[in-house]
Each structure stands twice: as C-alpha cells, then as structure tokens.
>>> print(open('run.csv').read())   # CSV, N, CA and C atoms
chain,number,residue,atom,x,y,z
A,1,MET,N,85.7,114.9,73.6
A,1,MET,CA,84.6,115.4,74.4
A,1,MET,C,84.7,114.9,75.8
A,2,MET,N,85.0,113.6,76.0
A,2,MET,CA,85.1,112.9,77.3
A,2,MET,C,86.2,113.6,78.1
A,3,VAL,N,87.3,114.0,77.5
A,3,VAL,CA,88.4,114.7,78.3
A,3,VAL,C,87.9,116.0,78.8
A,4,ILE,N,87.1,116.7,78.0
A,4,ILE,CA,86.6,118.1,78.4
A,4,ILE,C,85.6,117.9,79.5
A,5,LEU,N,84.7,116.9,79.4
A,5,LEU,CA,83.7,116.7,80.5
A,5,LEU,C,84.4,116.2,81.8
A,6,SER,N,85.5,115.4,81.7
A,6,SER,CA,86.2,115.0,82.9
A,6,SER,C,86.9,116.2,83.5
A,7,LEU,N,87.5,117.0,82.7
A,7,LEU,CA,88.2,118.2,83.2
A,7,LEU,C,87.2,119.1,83.9
A,8,LEU,N,86.1,119.4,83.3
A,8,LEU,CA,85.1,120.2,83.8
A,8,LEU,C,84.5,119.7,85.2
A,9,SER,N,84.3,118.4,85.2
A,9,SER,CA,83.9,117.7,86.5
A,9,SER,C,84.9,117.9,87.6
A,10,GLY,N,86.1,117.7,87.2
A,10,GLY,CA,87.2,117.8,88.2
A,10,GLY,C,87.4,119.3,88.7
A,11,VAL,N,87.2,120.2,87.8
A,11,VAL,CA,87.3,121.6,88.2
A,11,VAL,C,86.2,122.0,89.2
A,12,ILE,N,85.0,121.6,88.8
A,12,ILE,CA,83.8,121.9,89.7
A,12,ILE,C,84.0,121.2,91.0
A,13,PHE,N,84.4,119.9,91.1
A,13,PHE,CA,84.6,119.3,92.3
A,13,PHE,C,85.7,120.0,93.1
A,14,GLY,N,86.8,120.3,92.5
A,14,GLY,CA,87.9,121.0,93.2
A,14,GLY,C,87.5,122.4,93.8
A,15,LEU,N,86.7,123.1,93.0
A,15,LEU,CA,86.2,124.4,93.4
A,15,LEU,C,85.2,124.2,94.6
A,16,GLY,N,84.4,123.2,94.6
A,16,GLY,CA,83.5,122.9,95.7
A,16,GLY,C,84.3,122.6,97.0
A,17,LEU,N,85.4,121.8,96.8
A,17,LEU,CA,86.3,121.6,98.0
A,17,LEU,C,86.9,122.8,98.5
A,18,ILE,N,87.4,123.7,97.6
A,18,ILE,CA,88.0,124.9,98.1
A,18,ILE,C,87.0,125.9,98.7
A,19,ILE,N,85.8,126.0,98.1
A,19,ILE,CA,84.8,126.9,98.6
A,19,ILE,C,84.3,126.5,100.0
A,20,SER,N,84.1,125.1,100.1
A,20,SER,CA,83.6,124.6,101.4
A,20,SER,C,84.7,124.5,102.5
A,21,GLY,N,85.9,124.7,102.1
A,21,GLY,CA,87.0,124.7,103.1
A,21,GLY,C,87.5,123.3,103.3
A,22,MET,N,87.0,122.3,102.6
A,22,MET,CA,87.4,120.9,102.8
A,22,MET,C,88.8,120.6,102.2
A,23,ALA,N,89.4,121.5,101.4
A,23,ALA,CA,90.7,121.2,100.9
A,23,ALA,C,91.7,121.6,102.0
A,24,ASN,N,91.3,122.2,103.1
A,24,ASN,CA,92.2,122.7,104.1
A,24,ASN,C,92.2,121.6,105.2
A,25,PRO,N,93.4,120.9,105.3
A,25,PRO,CA,93.5,119.8,106.3
A,25,PRO,C,93.1,120.2,107.7
A,26,GLU,N,93.4,121.4,108.1
A,26,GLU,CA,93.1,121.9,109.5
A,26,GLU,C,91.6,121.9,109.7
A,27,LYS,N,90.9,122.3,108.7
A,27,LYS,CA,89.4,122.3,108.8
A,27,LYS,C,88.9,120.9,109.0
A,28,VAL,N,89.4,120.0,108.2
A,28,VAL,CA,89.0,118.6,108.4
A,28,VAL,C,89.3,118.0,109.7
A,29,LEU,N,90.6,118.3,110.2
A,29,LEU,CA,91.0,117.8,111.5
A,29,LEU,C,90.2,118.4,112.6
A,30,GLY,N,89.7,119.6,112.4
A,30,GLY,CA,88.8,120.3,113.4
A,30,GLY,C,87.5,119.5,113.5
A,31,PHE,N,87.1,118.7,112.5
A,31,PHE,CA,85.9,117.9,112.6
A,31,PHE,C,86.3,116.5,113.3
A,32,LEU,N,87.4,116.0,112.9
A,32,LEU,CA,87.8,114.7,113.3
A,32,LEU,C,88.4,114.6,114.7
A,33,ASP,N,89.0,115.7,115.2
A,33,ASP,CA,89.7,115.8,116.5
A,33,ASP,C,88.7,116.2,117.6
A,34,LEU,N,88.2,115.3,118.4
A,34,LEU,CA,87.2,115.5,119.4
A,34,LEU,C,87.8,116.1,120.7
A,35,ALA,N,89.2,116.2,120.8
A,35,ALA,CA,89.8,116.7,122.0
A,35,ALA,C,89.9,118.2,122.0
A,36,HIS,N,89.6,118.8,120.8
A,36,HIS,CA,89.7,120.3,120.7
A,36,HIS,C,88.3,120.8,120.3
A,37,PRO,N,88.1,122.1,120.3
A,37,PRO,CA,86.8,122.6,119.8
A,37,PRO,C,86.4,122.0,118.5
A,38,TRP,N,85.2,121.4,118.5
A,38,TRP,CA,84.7,120.7,117.3
A,38,TRP,C,84.1,121.6,116.3
A,39,ASP,N,84.5,121.3,115.0
A,39,ASP,CA,84.0,122.1,113.9
A,39,ASP,C,83.0,121.2,113.1
A,40,PRO,N,81.7,121.4,113.2
A,40,PRO,CA,80.8,120.5,112.5
A,40,PRO,C,80.6,120.8,111.0
A,41,SER,N,81.3,121.7,110.4
A,41,SER,CA,81.0,122.1,109.0
A,41,SER,C,81.2,120.9,108.1
A,42,LEU,N,82.1,120.0,108.3
A,42,LEU,CA,82.3,118.8,107.5
A,42,LEU,C,81.1,118.0,107.4
A,43,ALA,N,80.4,117.9,108.5
A,43,ALA,CA,79.2,117.1,108.6
A,43,ALA,C,78.1,117.6,107.6
A,44,PHE,N,78.0,119.0,107.6
A,44,PHE,CA,77.1,119.6,106.7
A,44,PHE,C,77.5,119.4,105.2
A,45,VAL,N,78.8,119.5,104.9
A,45,VAL,CA,79.2,119.2,103.6
A,45,VAL,C,78.9,117.8,103.2
A,46,MET,N,79.2,116.8,104.1
A,46,MET,CA,78.9,115.4,103.8
A,46,MET,C,77.5,115.2,103.6
A,47,MET,N,76.6,115.8,104.4
A,47,MET,CA,75.2,115.6,104.2
A,47,MET,C,74.7,116.1,102.9
A,48,GLY,N,75.2,117.3,102.5
A,48,GLY,CA,74.9,117.8,101.2
A,48,GLY,C,75.3,116.9,100.1
A,49,ALA,N,76.5,116.3,100.2
A,49,ALA,CA,77.1,115.4,99.2
A,49,ALA,C,76.3,114.1,99.1
A,50,ILE,N,75.8,113.6,100.3
A,50,ILE,CA,75.1,112.4,100.3
A,50,ILE,C,73.7,112.6,99.6
A,51,ILE,N,73.1,113.7,99.9
A,51,ILE,CA,71.8,114.0,99.3
A,51,ILE,C,71.9,114.1,97.7
A,52,VAL,N,72.9,114.8,97.3
A,52,VAL,CA,73.2,114.9,95.8
A,52,VAL,C,73.5,113.6,95.2
A,53,GLY,N,74.3,112.8,96.0
A,53,GLY,CA,74.6,111.4,95.5
A,53,GLY,C,73.4,110.5,95.4
A,54,LEU,N,72.5,110.6,96.4
A,54,LEU,CA,71.3,109.8,96.4
A,54,LEU,C,70.5,110.0,95.1
A,55,PHE,N,70.3,111.3,94.8
A,55,PHE,CA,69.6,111.6,93.5
A,55,PHE,C,70.4,111.2,92.3
A,56,GLY,N,71.7,111.4,92.3
A,56,GLY,CA,72.5,111.1,91.2
A,56,GLY,C,72.5,109.6,90.9
A,57,PHE,N,72.6,108.8,91.9
A,57,PHE,CA,72.6,107.3,91.8
A,57,PHE,C,71.2,106.8,91.4
A,58,ALA,N,70.2,107.4,91.9
A,58,ALA,CA,68.8,107.0,91.6
A,58,ALA,C,68.6,107.3,90.1
A,59,LEU,N,69.1,108.4,89.5
A,59,LEU,CA,69.0,108.6,88.1
A,59,LEU,C,69.9,107.7,87.3
A,60,ALA,N,71.1,107.5,87.8
A,60,ALA,CA,72.1,106.6,87.1
A,60,ALA,C,71.6,105.2,86.9
A,61,LYS,N,70.9,104.7,88.0
A,61,LYS,CA,70.4,103.3,87.9
A,61,LYS,C,69.4,103.1,86.8
A,62,ARG,N,68.7,104.1,86.4
A,62,ARG,CA,67.7,104.0,85.4
A,62,ARG,C,68.2,104.2,84.0
A,63,ARG,N,69.5,104.5,83.9
A,63,ARG,CA,70.1,104.8,82.5
A,63,ARG,C,71.0,103.7,82.1
A,64,GLN,N,71.0,103.4,80.8
A,64,GLN,CA,72.0,102.5,80.3
A,64,GLN,C,73.3,103.2,79.8
A,65,TYR,N,73.1,104.5,79.5
A,65,TYR,CA,74.3,105.3,79.0
A,65,TYR,C,74.4,106.6,79.7
A,66,ALA,N,75.6,107.0,80.0
A,66,ALA,CA,75.8,108.3,80.6
A,66,ALA,C,75.5,109.4,79.6
A,67,LEU,N,75.4,110.6,80.1
A,67,LEU,CA,75.1,111.8,79.3
A,67,LEU,C,76.0,112.0,78.2
A,68,CYS,N,77.3,111.6,78.3
A,68,CYS,CA,78.3,111.7,77.3
A,68,CYS,C,78.3,110.5,76.3
A,69,GLY,N,77.4,109.6,76.5
A,69,GLY,CA,77.2,108.5,75.6
A,69,GLY,C,78.0,107.2,75.9
A,70,THR,N,78.8,107.2,77.0
A,70,THR,CA,79.5,106.0,77.4
A,70,THR,C,78.5,105.0,78.2
A,71,PRO,N,78.8,103.7,78.1
A,71,PRO,CA,77.9,102.8,78.9
A,71,PRO,C,77.9,103.1,80.4
A,72,MET,N,76.8,103.0,81.0
A,72,MET,CA,76.7,103.3,82.5
A,72,MET,C,77.1,102.0,83.2
A,73,ILE,N,78.2,102.0,83.9
A,73,ILE,CA,78.6,100.8,84.6
A,73,ILE,C,78.7,101.2,86.1
A,74,LEU,N,77.8,100.7,86.9
A,74,LEU,CA,77.7,100.9,88.3
A,74,LEU,C,78.3,99.7,89.1
A,75,PRO,N,78.8,100.0,90.2
A,75,PRO,CA,79.3,98.8,91.0
A,75,PRO,C,78.2,97.8,91.4
A,76,ASP,N,78.6,96.6,91.3
A,76,ASP,CA,77.6,95.6,91.7
A,76,ASP,C,78.1,94.7,92.8
A,77,GLN,N,79.2,95.0,93.4
A,77,GLN,CA,79.8,94.2,94.5
A,77,GLN,C,79.0,94.5,95.7
A,78,ARG,N,78.5,93.5,96.4
A,78,ARG,CA,77.7,93.7,97.6
A,78,ARG,C,78.4,93.0,98.8
A,79,GLN,N,79.4,92.3,98.6
A,79,GLN,CA,80.1,91.5,99.6
A,79,GLN,C,81.0,92.4,100.4
A,80,ILE,N,80.9,92.2,101.8
A,80,ILE,CA,81.8,92.9,102.7
A,80,ILE,C,82.9,91.9,103.0
A,81,ASP,N,84.2,92.2,102.6
A,81,ASP,CA,85.3,91.3,102.9
A,81,ASP,C,86.4,92.0,103.6
A,82,TRP,N,87.5,91.3,103.9
A,82,TRP,CA,88.6,91.9,104.6
A,82,TRP,C,89.2,93.0,103.9
A,83,ARG,N,89.2,93.0,102.5
A,83,ARG,CA,89.9,94.0,101.7
A,83,ARG,C,89.1,95.3,101.9
A,84,LEU,N,87.7,95.2,101.9
A,84,LEU,CA,86.9,96.4,102.0
A,84,LEU,C,87.1,97.0,103.4
A,85,VAL,N,87.0,96.2,104.4
A,85,VAL,CA,87.1,96.7,105.8
A,85,VAL,C,88.5,97.2,106.1
A,86,GLY,N,89.5,96.5,105.6
A,86,GLY,CA,90.9,97.0,105.8
A,86,GLY,C,91.2,98.3,105.0
A,87,GLY,N,90.7,98.4,103.8
A,87,GLY,CA,90.8,99.6,103.0
A,87,GLY,C,90.1,100.8,103.7
A,88,ALA,N,88.9,100.5,104.2
A,88,ALA,CA,88.2,101.6,104.9
A,88,ALA,C,88.9,102.0,106.1
A,89,ALA,N,89.5,101.1,106.9
A,89,ALA,CA,90.2,101.4,108.1
A,89,ALA,C,91.5,102.2,107.8
A,90,LEU,N,92.2,101.8,106.7
A,90,LEU,CA,93.4,102.5,106.3
A,90,LEU,C,93.0,103.9,105.9
A,91,PHE,N,92.0,104.0,105.1
A,91,PHE,CA,91.5,105.3,104.6
A,91,PHE,C,91.2,106.2,105.8
A,92,GLY,N,90.4,105.7,106.8
A,92,GLY,CA,90.0,106.5,107.9
A,92,GLY,C,91.2,106.9,108.8
A,93,LEU,N,92.2,106.0,109.0
A,93,LEU,CA,93.4,106.3,109.7
A,93,LEU,C,94.2,107.4,109.0
A,94,GLY,N,94.4,107.3,107.7
A,94,GLY,CA,95.1,108.3,107.0
A,94,GLY,C,94.4,109.6,107.0
A,95,TRP,N,93.1,109.6,106.9
A,95,TRP,CA,92.3,110.8,106.9
A,95,TRP,C,92.4,111.5,108.2
A,96,GLY,N,92.3,110.7,109.3
A,96,GLY,CA,92.4,111.2,110.6
A,96,GLY,C,93.8,111.8,111.0
A,97,ILE,N,94.8,111.2,110.4
A,97,ILE,CA,96.2,111.7,110.7
A,97,ILE,C,96.5,112.9,109.9
A,98,ALA,N,96.2,112.8,108.6
A,98,ALA,CA,96.7,113.9,107.7
A,98,ALA,C,95.6,115.0,107.5
A,99,GLY,N,94.3,114.6,107.7
A,99,GLY,CA,93.2,115.5,107.3
A,99,GLY,C,93.0,115.7,105.8
A,100,ILE,N,93.5,114.7,105.1
A,100,ILE,CA,93.4,114.8,103.6
A,100,ILE,C,92.9,113.5,103.1
A,101,CYS,N,92.0,113.5,102.1
A,101,CYS,CA,91.6,112.4,101.4
A,101,CYS,C,91.9,112.6,99.9
A,102,PRO,N,91.6,111.7,99.0
A,102,PRO,CA,92.1,111.9,97.6
A,102,PRO,C,91.7,113.2,96.9
A,103,GLY,N,90.5,113.6,97.0
A,103,GLY,CA,90.1,114.8,96.3
A,103,GLY,C,90.9,116.0,96.8
A,104,PRO,N,90.8,116.3,98.1
A,104,PRO,CA,91.6,117.5,98.6
A,104,PRO,C,93.1,117.3,98.4
A,105,GLY,N,93.6,116.0,98.4
A,105,GLY,CA,95.0,115.8,98.1
A,105,GLY,C,95.4,116.3,96.7
A,106,LEU,N,94.6,116.0,95.8
A,106,LEU,CA,94.8,116.5,94.4
A,106,LEU,C,94.7,118.0,94.3
A,107,VAL,N,93.8,118.6,95.1
A,107,VAL,CA,93.7,120.1,95.1
A,107,VAL,C,95.0,120.7,95.7
A,108,LEU,N,95.4,120.1,96.8
A,108,LEU,CA,96.7,120.6,97.4
A,108,LEU,C,97.9,120.4,96.5
A,109,LEU,N,97.9,119.3,95.8
A,109,LEU,CA,99.0,119.0,94.9
A,109,LEU,C,99.0,120.1,93.8
A,110,GLY,N,97.8,120.4,93.2
A,110,GLY,CA,97.7,121.4,92.2
A,110,GLY,C,98.0,122.8,92.7
A,111,ALA,N,97.8,123.0,94.0
A,111,ALA,CA,98.2,124.3,94.5
A,111,ALA,C,99.6,124.4,94.9
A,112,GLY,N,100.4,123.3,94.8
A,112,GLY,CA,101.8,123.3,95.1
A,112,GLY,C,102.2,123.1,96.5
A,113,TYR,N,101.3,122.5,97.3
A,113,TYR,CA,101.7,122.2,98.7
A,113,TYR,C,102.4,120.9,98.8
A,114,ALA,N,103.5,120.9,99.6
A,114,ALA,CA,104.3,119.7,99.8
A,114,ALA,C,103.5,118.6,100.4
A,115,LYS,N,102.6,119.0,101.3
A,115,LYS,CA,101.7,118.0,102.0
A,115,LYS,C,100.9,117.3,100.9
A,116,GLY,N,100.4,118.0,100.0
A,116,GLY,CA,99.6,117.4,98.9
A,116,GLY,C,100.4,116.5,98.0
A,117,PHE,N,101.7,116.9,97.7
A,117,PHE,CA,102.6,116.0,97.0
A,117,PHE,C,102.8,114.7,97.7
A,118,ALA,N,103.1,114.8,99.0
A,118,ALA,CA,103.4,113.6,99.8
A,118,ALA,C,102.2,112.7,99.8
A,119,PHE,N,101.0,113.3,100.0
A,119,PHE,CA,99.8,112.5,100.1
A,119,PHE,C,99.6,111.8,98.8
A,120,VAL,N,99.6,112.5,97.7
A,120,VAL,CA,99.3,111.9,96.4
A,120,VAL,C,100.4,110.8,96.0
A,121,LEU,N,101.6,111.1,96.3
A,121,LEU,CA,102.7,110.1,96.1
A,121,LEU,C,102.4,108.8,96.9
A,122,ALA,N,102.0,109.0,98.1
A,122,ALA,CA,101.7,107.8,99.0
A,122,ALA,C,100.5,107.1,98.4
A,123,MET,N,99.5,107.8,97.9
A,123,MET,CA,98.3,107.3,97.4
A,123,MET,C,98.6,106.4,96.1
A,124,ILE,N,99.5,107.0,95.3
A,124,ILE,CA,99.8,106.3,94.0
A,124,ILE,C,100.6,105.0,94.4
A,125,VAL,N,101.5,105.1,95.3
A,125,VAL,CA,102.3,103.9,95.7
A,125,VAL,C,101.3,102.9,96.3
A,126,GLY,N,100.4,103.3,97.1
A,126,GLY,CA,99.4,102.3,97.7
A,126,GLY,C,98.6,101.7,96.6
A,127,MET,N,98.1,102.4,95.6
A,127,MET,CA,97.4,101.9,94.5
A,127,MET,C,98.2,100.9,93.7
A,128,TRP,N,99.5,101.2,93.5
A,128,TRP,CA,100.4,100.4,92.7
A,128,TRP,C,100.6,99.1,93.5
A,129,LEU,N,100.8,99.1,94.8
A,129,LEU,CA,101.0,97.9,95.6
A,129,LEU,C,99.7,97.0,95.6
A,130,VAL,N,98.6,97.6,95.7
A,130,VAL,CA,97.3,96.8,95.6
A,130,VAL,C,97.2,96.2,94.3
A,131,GLY,N,97.5,96.9,93.2
A,131,GLY,CA,97.4,96.3,91.9
A,131,GLY,C,98.4,95.2,91.6
A,132,HIS,N,99.5,95.2,92.3
A,132,HIS,CA,100.5,94.1,92.1
A,132,HIS,C,100.4,93.0,93.1
A,133,LYS,N,99.5,93.1,94.0
A,133,LYS,CA,99.3,92.0,95.0
A,133,LYS,C,98.3,90.9,94.5
A,134,LYS,N,97.6,91.2,93.4
A,134,LYS,CA,96.6,90.3,93.0
A,134,LYS,C,97.2,89.1,92.4
>>> encode(input="run.csv", output="structure tokens")
Amino acid sequence: MMVILSLLSGVIFGLGLIISGMANPEKVLGFLDLAHPWDPSLAFVMMGAIIVGLFGFALAKRRQYALCGTPMILPDQRQIDWRLVGGAALFGLGWGIAGICPGPGLVLLGAGYAKGFAFVLAMIVGMWLVGHKK
C-alpha cells in the first residue's frame, strides 16, 4: 500500500510541475534572471505551495500517525549551521544556473531529457558524497 501511495503522490506532484510549467528550466530561469523580462509565475506557484504546506504541516503536527498508518516523524532540527547555509547556497546556485531543482529534475529524467539525466546524476553523486563525509 505504501508503494502505491508513494507512486500516486509522485505522479500528482509531477503533474503539478508539468501543468504549472515549473518542469521547464527556461520558465524557472525567466523568474530567476532579472536581466531579462521577468516572469513572476514561479512566485505564484511558490505562494500556492507555501499555503498548502502551512495547512499540511499544521495538520501533521497534531497527528501521531500518517494516513497510511506509518509513524509521523517531522524534522526537529532548529539549529542553523554551516551545513544548512552551505547546502542552501549550493542549491540556490545550482537552481539559478540550471533552472532545475530535484522535483523537476526527476520529471525531466522521466521525460528522457539529457539535462534531466545530468542533473539527477549530479544530485545522486552529491548525496553520496555527503553521506560518505560523515
């Protein structure tokens, strides 16, 4: 059951990225590149996601178990350290250069784009490196 729910969640998320245009790196770069005509659509998508997330986390905080029956484990780390700041900076730089973040990278990979393959490969290598530095 968990695999089916995970697959369904991923498909809904991927469809949302495709419908909103956020799987298109050029659309994302149109928001991030201030030297050219600015495309504010990403801001509206982000605001919508933040609103949905606020309600989702408010509900999740009150639950001990997820709807599928697994224990509800929410992040409890509140400390801002160099790993968080460095990771956020690398994420932002990569996003600004490529116009891709992990969700759209997986959509592009699934659609067969070489840019998606290169991004996901770099993401996996980065996660592997972080996991082996501890």
>>> closest_residue(input="run.csv", among="A:Gly86, A:Leu17, A:Gly48, A:Gly96", to="A:Leu29", atoms="all atoms listed in the file")
A:Gly96
>>> closest_atom_pairs(input="run.csv", of="stretch 34-95 of chain A", to="stretch 105-124 of chain A", cutoff="12 Å", atoms="only C-alpha atoms", output="CSV")
residue,atom,partner,partner_atom,distance
A:Leu90,CA,A:Met123,CA,11.2
A:Phe91,CA,A:Met123,CA,10.1
A:Gly94,CA,A:Phe119,CA,9.3
A:Trp95,CA,A:Phe119,CA,10.3
>>> select_by_dssp(input="run.csv", residues="chain A", states="helix (DSSP H, G or I)", output="ChimeraX atom specification")
/A:2-20,25-32,41-61,82-98,102-110,114-132
>>> atom_distance(input="run.csv", atom1="atom CA of A:Ile50", atom2="atom CA of A:Gly16")
14.2 Å
>>> atom_distance(input="run.csv", atom1="atom N of A:Leu32", atom2="atom CA of A:Ser20")
14.9 Å
>>> atom_distance(input="run.csv", atom1="atom C of A:Ser41", atom2="atom C of A:Lys27")
7.8 Å
>>> residues_around(input="run.csv", residues="stretch 1-12 of chain A", least_positions_apart="6", cutoff="10 Å", atoms="only C-alpha atoms", output="list in words")
Ile18, Leu67, Cys68, Gly69, Thr70, Gly103, Leu106 and Val107 of chain A
